[in-house]
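Structure below is my_file_21.cif: mmCIF, C-alpha atoms.
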```cif
data_model
#
loop_
_atom_site.label_atom_id
_atom_site.label_comp_id
_atom_site.auth_asym_id
_atom_site.auth_seq_id
_atom_site.Cartn_x
_atom_site.Cartn_y
_atom_site.Cartn_z
CA MET A 29 -62.60 25.33 7.16
CA SER A 30 -61.23 21.97 8.27
CA VAL A 31 -59.48 19.55 5.98
CA SER A 32 -62.44 17.21 6.32
CA ASP A 33 -64.54 19.82 4.53
CA TRP A 34 -62.36 19.32 1.43
CA ARG A 35 -62.93 16.51 -0.95
CA ASN A 36 -60.27 13.83 -1.32
CA PRO A 37 -57.71 14.88 1.34
CA VAL A 38 -54.13 14.29 0.21
CA VAL A 39 -51.05 13.45 2.28
CA ILE A 40 -47.65 13.79 0.58
CA LEU A 41 -44.69 11.94 2.12
CA MET A 42 -41.00 12.77 1.74
CA THR A 43 -38.38 10.93 3.84
CA ASP A 44 -34.90 9.46 3.85
CA PHE A 45 -36.26 6.07 5.02
CA GLY A 46 -35.80 4.14 1.78
CA LEU A 47 -38.12 1.33 0.71
CA ARG A 48 -36.28 -1.81 1.86
CA ASP A 49 -37.64 -1.70 5.41
CA THR A 50 -41.21 -1.39 6.69
CA TYR A 51 -40.98 2.23 7.87
CA ILE A 52 -43.01 3.76 5.04
CA GLY A 53 -45.59 0.98 5.15
CA GLN A 54 -46.11 1.58 8.86
CA MET A 55 -46.57 5.32 8.30
CA LYS A 56 -49.17 4.67 5.60
CA CYS A 57 -50.99 2.19 7.83
CA VAL A 58 -51.23 4.80 10.58
CA ILE A 59 -52.54 7.44 8.16
CA THR A 60 -55.20 5.25 6.56
CA SER A 61 -56.30 3.79 9.93
CA ILE A 62 -57.12 7.30 11.15
CA CYS A 63 -58.34 8.77 7.85
CA PRO A 64 -59.31 6.07 5.34
CA ASP A 65 -60.34 8.72 2.80
CA ALA A 66 -56.83 10.19 2.56
CA SER A 67 -54.85 9.61 -0.62
CA VAL A 68 -51.16 9.15 0.12
CA ILE A 69 -48.56 10.30 -2.42
CA ASP A 70 -44.92 9.25 -2.12
CA LEU A 71 -42.83 12.22 -3.24
CA THR A 72 -39.61 10.35 -2.47
CA HIS A 73 -38.10 8.19 0.22
CA ALA A 74 -34.64 8.33 -1.33
CA VAL A 75 -33.27 11.48 0.28
CA ASP A 76 -29.71 10.60 1.25
CA PRO A 77 -29.70 9.58 4.93
CA GLN A 78 -29.69 12.60 7.26
CA ASN A 79 -29.16 15.00 4.31
CA ILE A 80 -31.40 17.87 5.38
CA ALA A 81 -30.14 20.19 2.62
CA GLN A 82 -31.00 17.66 -0.08
CA GLY A 83 -34.45 17.14 1.38
CA ALA A 84 -35.02 20.90 1.43
CA PHE A 85 -33.91 21.09 -2.21
CA PHE A 86 -36.32 18.33 -3.26
CA LEU A 87 -39.11 20.09 -1.37
CA ASP A 88 -38.29 23.44 -2.93
CA ARG A 89 -38.33 22.11 -6.50
CA SER A 90 -41.48 20.00 -5.94
CA MET A 91 -43.76 22.47 -4.12
CA PRO A 92 -45.08 24.14 -7.28
CA PHE A 93 -46.64 20.81 -8.26
CA PHE A 94 -48.34 20.02 -4.93
CA PRO A 95 -52.14 20.10 -4.98
CA ASP A 96 -53.73 22.85 -2.95
CA ARG A 97 -54.71 21.88 0.63
CA ALA A 98 -52.39 18.88 0.72
CA VAL A 99 -50.80 17.89 4.04
CA VAL A 100 -47.09 17.39 3.41
CA VAL A 101 -45.09 15.20 5.83
CA CYS A 102 -41.32 15.70 5.55
CA VAL A 103 -39.05 13.54 7.70
CA VAL A 104 -35.28 13.84 7.40
CA ASP A 105 -34.48 13.90 11.06
CA PRO A 106 -30.97 13.25 12.38
CA GLY A 107 -32.04 14.94 15.64
CA VAL A 108 -35.02 12.66 16.28
CA GLY A 109 -35.59 12.18 20.01
CA THR A 110 -33.67 15.33 20.95
CA SER A 111 -34.95 18.75 21.97
CA ARG A 112 -35.66 19.76 18.35
CA LYS A 113 -39.36 20.51 17.92
CA PRO A 114 -41.78 18.76 15.58
CA ILE A 115 -43.58 21.62 13.86
CA ALA A 116 -46.61 22.21 11.67
CA VAL A 117 -46.54 25.13 9.25
CA LYS A 118 -49.77 26.20 7.57
CA THR A 119 -49.49 28.32 4.43
CA ALA A 120 -51.97 29.82 2.03
CA ARG A 121 -51.74 26.64 -0.07
CA GLN A 122 -50.72 23.61 2.02
CA THR A 123 -49.84 22.36 5.50
CA PHE A 124 -46.34 21.05 6.21
CA LEU A 125 -45.28 18.80 9.10
CA ALA A 126 -41.57 18.30 9.78
CA PRO A 127 -38.83 18.49 12.39
CA ASP A 128 -37.61 22.02 13.04
CA ASN A 129 -34.14 21.48 11.59
CA GLY A 130 -34.10 23.53 8.39
CA LEU A 131 -36.00 21.04 6.25
CA LEU A 132 -38.84 23.54 5.78
CA THR A 133 -36.52 26.38 4.71
CA PRO A 134 -38.11 26.70 1.24
CA VAL A 135 -41.61 26.79 2.75
CA LEU A 136 -40.73 29.48 5.26
CA GLY A 137 -38.87 31.47 2.62
CA SER A 138 -41.25 31.36 -0.33
CA GLN A 139 -44.80 30.69 0.88
CA THR A 140 -47.18 32.88 2.86
CA VAL A 141 -47.19 31.35 6.35
CA THR A 142 -50.48 31.82 8.17
CA HIS A 143 -49.85 29.68 11.28
CA CYS A 144 -46.96 27.79 12.86
CA ILE A 145 -47.31 25.37 15.77
CA SER A 146 -45.07 23.07 17.79
CA ILE A 147 -46.77 19.67 17.64
CA SER A 148 -47.28 18.58 21.23
CA SER A 149 -50.88 17.51 21.74
CA PRO A 150 -51.15 13.87 22.85
CA GLU A 151 -54.54 13.76 21.12
CA ILE A 152 -52.91 13.42 17.70
CA MET A 153 -49.99 11.14 18.61
CA LEU A 154 -49.92 7.38 18.91
CA PRO A 155 -50.35 6.30 22.55
CA ALA A 156 -46.78 5.00 22.72
CA GLN A 157 -43.99 6.84 20.91
CA SER A 158 -40.62 5.51 19.90
CA ALA A 159 -37.73 7.89 20.53
CA THR A 160 -36.46 7.17 17.01
CA PHE A 161 -39.58 6.95 14.81
CA HIS A 162 -41.51 10.21 15.04
CA GLY A 163 -42.46 9.80 11.39
CA ARG A 164 -44.82 7.01 12.40
CA ASP A 165 -45.75 8.05 15.93
CA ILE A 166 -46.15 11.85 15.65
CA PHE A 167 -46.07 13.20 12.09
CA SER A 168 -48.21 10.54 10.39
CA PRO A 169 -51.06 10.56 12.93
CA ALA A 170 -50.97 14.36 13.07
CA ALA A 171 -51.34 14.52 9.28
CA ALA A 172 -54.16 11.98 9.31
CA HIS A 173 -56.04 13.78 12.08
CA LEU A 174 -55.81 17.04 10.15
CA CYS A 175 -57.25 15.28 7.09
CA ALA A 176 -60.06 13.93 9.29
CA GLY A 177 -60.96 17.41 10.52
CA PHE A 178 -58.87 17.94 13.66
CA PRO A 179 -58.41 21.71 14.19
CA PHE A 180 -54.94 22.92 13.29
CA ASP A 181 -54.70 25.22 16.31
CA ARG A 182 -55.13 22.25 18.67
CA LEU A 183 -51.94 20.52 17.46
CA GLY A 184 -49.91 22.30 20.12
CA ASP A 185 -48.43 25.65 21.05
CA PRO A 186 -48.02 28.58 18.62
CA VAL A 187 -44.50 29.26 17.34
CA ASP A 188 -43.11 32.40 15.74
CA PRO A 189 -42.16 31.30 12.19
CA ALA A 190 -39.16 33.64 12.37
CA SER A 191 -37.76 31.48 15.19
CA CYS A 192 -37.75 28.30 13.09
CA ILE A 193 -34.42 26.96 11.90
CA THR A 194 -33.52 27.74 8.29
CA LEU A 195 -30.58 26.68 6.15
CA PRO A 196 -28.16 29.23 4.68
CA ALA A 197 -28.95 30.19 1.12
CA GLU A 198 -26.99 28.45 -1.63
CA THR A 199 -24.64 31.01 -3.15
CA ASN A 200 -22.96 31.00 -6.55
CA GLY A 201 -19.76 33.03 -6.53
CA ILE A 202 -18.95 35.18 -9.56
CA GLU A 203 -15.29 35.77 -10.44
CA ASN A 204 -14.17 38.33 -13.02
CA GLY A 205 -17.72 38.50 -14.32
CA ASN A 206 -17.26 35.33 -16.39
CA SER A 207 -16.89 32.46 -13.93
CA ILE A 208 -19.51 31.24 -11.46
CA ALA A 209 -18.60 28.72 -8.76
CA GLY A 210 -21.04 26.06 -7.58
CA ARG A 211 -21.07 22.49 -6.33
CA VAL A 212 -22.59 19.09 -6.98
CA LEU A 213 -25.76 18.79 -4.88
CA PHE A 214 -26.44 15.09 -5.45
CA CYS A 215 -26.35 12.25 -7.94
CA ASP A 216 -29.73 11.09 -9.20
CA HIS A 217 -30.94 7.57 -10.02
CA PHE A 218 -29.46 7.74 -13.52
CA GLY A 219 -26.01 8.88 -12.39
CA ASN A 220 -26.65 12.47 -13.46
CA LEU A 221 -24.89 15.09 -11.33
CA VAL A 222 -27.29 17.83 -10.23
CA THR A 223 -25.43 21.05 -9.43
CA SER A 224 -26.27 24.20 -7.49
CA LEU A 225 -25.81 26.33 -10.62
CA GLU A 226 -29.20 27.76 -11.53
CA SER A 227 -30.21 27.40 -15.17
CA SER A 228 -31.23 31.05 -15.17
CA LEU A 229 -27.54 31.99 -14.96
CA VAL A 230 -27.05 30.80 -18.53
CA ASP A 231 -28.09 33.47 -21.00
CA THR A 232 -28.48 32.87 -24.71
CA ALA A 233 -26.17 35.68 -25.75
CA HIS A 234 -23.00 33.76 -24.81
CA ARG A 235 -21.56 30.29 -25.02
CA TRP A 236 -21.25 28.54 -21.67
CA GLU A 237 -19.15 25.66 -20.41
CA ILE A 238 -18.87 23.59 -17.25
CA SER A 239 -15.55 22.75 -15.63
CA ALA A 240 -14.77 20.52 -12.67
CA GLU A 241 -12.04 18.15 -11.55
CA GLY A 242 -11.42 15.97 -14.60
CA ILE A 243 -13.79 18.03 -16.76
CA ASP A 244 -12.43 20.92 -18.79
CA GLY A 245 -14.69 23.11 -20.88
CA LEU A 246 -17.80 20.90 -21.25
CA PRO A 247 -20.27 22.83 -23.48
CA ILE A 248 -23.86 23.21 -22.32
CA VAL A 249 -26.24 21.61 -24.81
CA LYS A 250 -30.02 21.25 -25.00
CA THR A 251 -30.51 17.50 -24.66
CA TYR A 252 -28.82 14.09 -24.69
CA GLU A 253 -29.03 13.64 -28.45
CA ASP A 254 -26.78 16.64 -28.97
CA VAL A 255 -23.79 14.41 -28.13
CA ASP A 256 -22.68 10.96 -29.24
CA GLU A 257 -23.46 7.80 -27.31
CA GLY A 258 -21.36 7.53 -24.16
CA LYS A 259 -20.22 11.18 -24.23
CA LEU A 260 -20.40 13.67 -21.37
CA LEU A 261 -22.79 16.59 -21.62
CA ALA A 262 -24.05 19.48 -19.51
CA TYR A 263 -27.60 20.77 -19.83
CA ARG A 264 -30.41 22.64 -18.10
CA GLY A 265 -32.10 19.97 -15.99
CA SER A 266 -35.69 19.57 -14.81
CA PHE A 267 -34.77 20.94 -11.36
CA ASP A 268 -33.88 24.21 -13.14
CA THR A 269 -30.20 23.75 -12.38
CA ILE A 270 -27.29 22.72 -14.58
CA GLU A 271 -26.71 18.96 -14.65
CA ILE A 272 -23.82 16.84 -15.90
CA ALA A 273 -24.66 13.54 -17.56
CA VAL A 274 -23.43 10.85 -19.91
CA ARG A 275 -25.67 9.90 -22.80
CA ASN A 276 -26.96 6.45 -21.84
CA GLY A 277 -24.42 6.25 -19.05
CA SER A 278 -23.51 7.51 -15.57
CA ALA A 279 -21.72 10.81 -15.11
CA ALA A 280 -21.08 9.96 -11.47
CA GLY A 281 -19.38 6.72 -12.48
CA ARG A 282 -17.46 8.35 -15.33
CA THR A 283 -16.20 11.41 -13.44
CA GLY A 284 -15.99 10.16 -9.86
CA LEU A 285 -17.47 13.47 -8.68
CA LYS A 286 -19.27 13.28 -5.33
CA ASP A 287 -21.75 15.45 -3.46
CA GLY A 288 -20.10 18.78 -2.66
CA ALA A 289 -17.55 18.59 -5.47
CA ALA A 290 -16.68 22.01 -6.91
CA VAL A 291 -18.04 22.88 -10.34
CA ARG A 292 -17.66 26.05 -12.34
CA LEU A 293 -19.85 27.69 -14.96
CA VAL A 294 -17.73 29.66 -17.41
CA ARG A 295 -19.03 32.29 -19.81
CA LYS A 296 -17.26 32.22 -23.15
CA GLU A 297 -17.42 34.41 -26.24
CA PRO A 298 -20.73 35.93 -27.37
CA VAL A 299 -22.90 33.91 -29.72
CA THR A 300 -22.69 35.41 -33.18
CA THR A 301 -25.24 35.05 -35.93
CA ALA A 302 -23.83 34.70 -39.39
CA ILE A 303 -25.05 37.31 -41.87
CA PRO A 304 -26.34 35.67 -45.05
CA SER A 305 -24.20 36.48 -48.07
#
```

As a first step, turn the structure in this file into structure tokens.
Amino acid sequence: MSVSDWRNPVVILMTDFGLRDTYIGQMKCVITSICPDASVIDLTHAVDPQNIAQGAFFLDRSMPFFPDRAVVVCVVDPGVGTSRKPIAVKTARQTFLAPDNGLLTPVLGSQTVTHCISISSPEIMLPAQSATFHGRDIFSPAAAHLCAGFPFDRLGDPVDPASCITLPAETNGIENGNSIAGRVLFCDHFGNLVTSLESSLVDTAHRWEISAEGIDGLPIVKTYEDVDEGKLLAYRGSFDTIEIAVRNGSAAGRTGLKDGAAVRLVRKEPVTTAIPS
């Protein structure tokens, strides 16, 4: 079944291009010129420049919400114009187009891959290609052609998915059974610090705290209203990791912590339930 057999084809875009320039507009123009019926969803264009790991994280935490049969274009591409391959990965649920640089690590690791191809067919590229804008000249037209019914297996040459580049897994080190080391992954729009510490590490049988440079024993609470205005807090965030925030303020500005800064999750005494007298 081709994508054109599906109703309302969807293209999802994720890049580090930002919105100040015309890059995203040009990509959308290419897509809708080739497949006017395609709906285009902007996942984000605010991946930090060249930050492949952050892009992979955003993709990983967003995939569960993608509609089935969507074509997902991911472009965080510091190696654009080099020998790195543009690839298309078809899974049981969606199709992903991206440079082969580790950006598709969560797709290759968690979805059932049915086909993988190195995009090379001139049929689905713009006639002239910039060495520095494959998002517009290769990935966008390839996505649009797929939505218009172009056969996936004609995109280029088959690739063994096991040969694709993947990023090393994020590890949380446990010390003495009570301390788990992590790091700040990124700062979001609100100044919240998103860490690599998975929320699932925090059980309800113990009290837990976060420590980092300048932060000593910050308790993990449920939500912002559990602390006073302007106070620091740690909580289980919507990315399913522990986040550090300031109620109605910026944790990044308050703490000065940057991407990669060390953080530590510390397990304290067990939670006790008072016995009614």

Written as a PDB file with C-alpha atoms, keeping the file's coordinate frame, which residues does the PyMOL selection byres ((chain A and resi 168) around 9) give for the file shown?
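In the end it all went to part.pdb:
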```
ATOM      1  CA  MET A  55     -46.570   5.320   8.300  1.00  0.00           C
ATOM      2  CA  LYS A  56     -49.170   4.670   5.600  1.00  0.00           C
ATOM      3  CA  VAL A  58     -51.230   4.800  10.580  1.00  0.00           C
ATOM      4  CA  ILE A  59     -52.540   7.440   8.160  1.00  0.00           C
ATOM      5  CA  VAL A 101     -45.090  15.200   5.830  1.00  0.00           C
ATOM      6  CA  LEU A 125     -45.280  18.800   9.100  1.00  0.00           C
ATOM      7  CA  MET A 153     -49.990  11.140  18.610  1.00  0.00           C
ATOM      8  CA  HIS A 162     -41.510  10.210  15.040  1.00  0.00           C
ATOM      9  CA  GLY A 163     -42.460   9.800  11.390  1.00  0.00           C
ATOM     10  CA  ARG A 164     -44.820   7.010  12.400  1.00  0.00           C
ATOM     11  CA  ASP A 165     -45.750   8.050  15.930  1.00  0.00           C
ATOM     12  CA  ILE A 166     -46.150  11.850  15.650  1.00  0.00           C
ATOM     13  CA  PHE A 167     -46.070  13.200  12.090  1.00  0.00           C
ATOM     14  CA  PRO A 169     -51.060  10.560  12.930  1.00  0.00           C
ATOM     15  CA  ALA A 170     -50.970  14.360  13.070  1.00  0.00           C
ATOM     16  CA  ALA A 171     -51.340  14.520   9.280  1.00  0.00           C
ATOM     17  CA  ALA A 172     -54.160  11.980   9.310  1.00  0.00           C
ATOM     18  CA  HIS A 173     -56.040  13.780  12.080  1.00  0.00           C
TER      19      HIS A 173
END
```

- Message: List the spatial neighbours of A:Thr110 as a count of residues only - criterion: any atom at most 12 Å away, all atoms listed in the file, same-chain residues fewer than 2 positions off excluded.
- Response: 14

Step by step, gather every atom of stretch 187-206 of chain A that the file lists, find the box along x, y and z that holds them, add 4 Å on each side, and finally give centre and edge lengths in Å to one decimal, as AutoDock Vina command-line options.
```
--center_x -29.3 --center_y 32.6 --center_z 0.5 --size_x 38.3 --size_y 19.8 --size_z 41.7
```

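The spacing separating atom CA of A:Pro189 from atom CA of A:Gln122 amounts to 15.4 Å.
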
- A:Cys215: which residues within 7 Å, counting all atoms listed in the file, same-chain residues fewer than 6 positions away excluded, as a list in words? Leu221, Val222 and Ala280 of chain A

- Message: For the provided coordinates, the residues matched by the PyMOL selection byres ((chain A and resi 74) around 8) should be stated as JSON, numbers by chain.
- Response: {"A": [43, 44, 45, 46, 72, 73, 75, 76]}

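One distance worth recording is that between atom CA of A:Arg264 and atom CA of A:Thr140, which is 28.7 Å.
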
- Please write the residues picked by the PyMOL selection byres ((chain A and resi 238) around 8) on this file as a ChimeraX atom specification. /A:236-237,239-240,243-248,262,291-294

- Residue with the minimum atom-to-atom distance to A:Val135, picked from A:Ile147, A:Cys175, A:Leu195, A:Val212 with only C-alpha atoms counted, is A:Leu195

Would you mind writing stretch 185-196 of chain A with all heavy atoms, as a PDB file, in the frame of the given file?
```
ATOM      1  N   ASP A 185     -48.629  24.257  20.677  1.00  0.00           N
ATOM      2  CA  ASP A 185     -48.430  25.650  21.050  1.00  0.00           C
ATOM      3  C   ASP A 185     -47.949  26.476  19.851  1.00  0.00           C
ATOM      4  O   ASP A 185     -47.113  26.020  19.063  1.00  0.00           O
ATOM      5  CB  ASP A 185     -47.387  25.755  22.170  1.00  0.00           C
ATOM      6  CG  ASP A 185     -47.827  25.010  23.426  1.00  0.00           C
ATOM      7  OD1 ASP A 185     -49.022  25.100  23.755  1.00  0.00           O
ATOM      8  OD2 ASP A 185     -46.977  24.328  24.047  1.00  0.00           O
ATOM      9  N   PRO A 186     -48.449  27.713  19.726  1.00  0.00           N
ATOM     10  CA  PRO A 186     -48.020  28.580  18.620  1.00  0.00           C
ATOM     11  C   PRO A 186     -46.513  28.847  18.673  1.00  0.00           C
ATOM     12  O   PRO A 186     -45.909  28.924  19.746  1.00  0.00           O
ATOM     13  CB  PRO A 186     -48.807  29.864  18.847  1.00  0.00           C
ATOM     14  CG  PRO A 186     -49.968  29.468  19.697  1.00  0.00           C
ATOM     15  CD  PRO A 186     -49.468  28.348  20.570  1.00  0.00           C
ATOM     16  N   VAL A 187     -45.924  28.975  17.484  1.00  0.00           N
ATOM     17  CA  VAL A 187     -44.500  29.260  17.340  1.00  0.00           C
ATOM     18  C   VAL A 187     -44.343  30.422  16.367  1.00  0.00           C
ATOM     19  O   VAL A 187     -45.061  30.499  15.356  1.00  0.00           O
ATOM     20  CB  VAL A 187     -43.742  28.020  16.805  1.00  0.00           C
ATOM     21  CG1 VAL A 187     -42.307  28.368  16.436  1.00  0.00           C
ATOM     22  CG2 VAL A 187     -43.766  26.891  17.815  1.00  0.00           C
ATOM     23  N   ASP A 188     -43.428  31.318  16.661  1.00  0.00           N
ATOM     24  CA  ASP A 188     -43.110  32.400  15.740  1.00  0.00           C
ATOM     25  C   ASP A 188     -42.348  31.800  14.552  1.00  0.00           C
ATOM     26  O   ASP A 188     -41.263  31.234  14.744  1.00  0.00           O
ATOM     27  CB  ASP A 188     -42.258  33.454  16.434  1.00  0.00           C
ATOM     28  CG  ASP A 188     -41.896  34.618  15.527  1.00  0.00           C
ATOM     29  OD1 ASP A 188     -42.271  34.608  14.333  1.00  0.00           O
ATOM     30  OD2 ASP A 188     -41.210  35.541  16.006  1.00  0.00           O
ATOM     31  N   PRO A 189     -42.876  31.886  13.333  1.00  0.00           N
ATOM     32  CA  PRO A 189     -42.160  31.300  12.190  1.00  0.00           C
ATOM     33  C   PRO A 189     -40.736  31.831  12.053  1.00  0.00           C
ATOM     34  O   PRO A 189     -39.853  31.112  11.585  1.00  0.00           O
ATOM     35  CB  PRO A 189     -43.018  31.708  10.988  1.00  0.00           C
ATOM     36  CG  PRO A 189     -44.370  31.953  11.549  1.00  0.00           C
ATOM     37  CD  PRO A 189     -44.157  32.493  12.928  1.00  0.00           C
ATOM     38  N   ALA A 190     -40.506  33.064  12.482  1.00  0.00           N
ATOM     39  CA  ALA A 190     -39.160  33.640  12.370  1.00  0.00           C
ATOM     40  C   ALA A 190     -38.154  32.933  13.275  1.00  0.00           C
ATOM     41  O   ALA A 190     -36.948  33.051  13.077  1.00  0.00           O
ATOM     42  CB  ALA A 190     -39.203  35.133  12.706  1.00  0.00           C
ATOM     43  N   SER A 191     -38.659  32.188  14.282  1.00  0.00           N
ATOM     44  CA  SER A 191     -37.760  31.480  15.190  1.00  0.00           C
ATOM     45  C   SER A 191     -37.384  30.090  14.670  1.00  0.00           C
ATOM     46  O   SER A 191     -36.515  29.429  15.250  1.00  0.00           O
ATOM     47  CB  SER A 191     -38.400  31.343  16.574  1.00  0.00           C
ATOM     48  OG  SER A 191     -39.492  30.413  16.541  1.00  0.00           O
ATOM     49  N   CYS A 192     -38.041  29.637  13.615  1.00  0.00           N
ATOM     50  CA  CYS A 192     -37.750  28.300  13.090  1.00  0.00           C
ATOM     51  C   CYS A 192     -36.386  28.273  12.410  1.00  0.00           C
ATOM     52  O   CYS A 192     -35.924  29.266  11.834  1.00  0.00           O
ATOM     53  CB  CYS A 192     -38.833  27.885  12.088  1.00  0.00           C
ATOM     54  SG  CYS A 192     -40.465  27.656  12.836  1.00  0.00           S
ATOM     55  N   ILE A 193     -35.752  27.119  12.466  1.00  0.00           N
ATOM     56  CA  ILE A 193     -34.420  26.960  11.900  1.00  0.00           C
ATOM     57  C   ILE A 193     -34.503  26.968  10.368  1.00  0.00           C
ATOM     58  O   ILE A 193     -35.364  26.312   9.784  1.00  0.00           O
ATOM     59  CB  ILE A 193     -33.767  25.661  12.390  1.00  0.00           C
ATOM     60  CG1 ILE A 193     -33.529  25.748  13.904  1.00  0.00           C
ATOM     61  CG2 ILE A 193     -32.463  25.364  11.648  1.00  0.00           C
ATOM     62  CD1 ILE A 193     -33.073  24.441  14.518  1.00  0.00           C
ATOM     63  N   THR A 194     -33.622  27.732   9.743  1.00  0.00           N
ATOM     64  CA  THR A 194     -33.520  27.740   8.290  1.00  0.00           C
ATOM     65  C   THR A 194     -32.082  27.509   7.878  1.00  0.00           C
ATOM     66  O   THR A 194     -31.140  27.818   8.622  1.00  0.00           O
ATOM     67  CB  THR A 194     -34.024  29.067   7.689  1.00  0.00           C
ATOM     68  OG1 THR A 194     -33.312  30.157   8.293  1.00  0.00           O
ATOM     69  CG2 THR A 194     -35.513  29.248   7.927  1.00  0.00           C
ATOM     70  N   LEU A 195     -31.914  26.953   6.685  1.00  0.00           N
ATOM     71  CA  LEU A 195     -30.580  26.680   6.150  1.00  0.00           C
ATOM     72  C   LEU A 195     -30.043  27.923   5.444  1.00  0.00           C
ATOM     73  O   LEU A 195     -30.817  28.720   4.901  1.00  0.00           O
ATOM     74  CB  LEU A 195     -30.643  25.529   5.150  1.00  0.00           C
ATOM     75  CG  LEU A 195     -31.202  24.197   5.677  1.00  0.00           C
ATOM     76  CD1 LEU A 195     -31.274  23.191   4.528  1.00  0.00           C
ATOM     77  CD2 LEU A 195     -30.332  23.650   6.799  1.00  0.00           C
ATOM     78  N   PRO A 196     -28.720  28.104   5.428  1.00  0.00           N
ATOM     79  CA  PRO A 196     -28.160  29.230   4.680  1.00  0.00           C
ATOM     80  C   PRO A 196     -28.454  29.082   3.191  1.00  0.00           C
ATOM     81  O   PRO A 196     -28.513  27.971   2.665  1.00  0.00           O
ATOM     82  CB  PRO A 196     -26.659  29.153   4.974  1.00  0.00           C
ATOM     83  CG  PRO A 196     -26.426  27.739   5.402  1.00  0.00           C
ATOM     84  CD  PRO A 196     -27.682  27.290   6.079  1.00  0.00           C
TER      85      PRO A 196
END
```
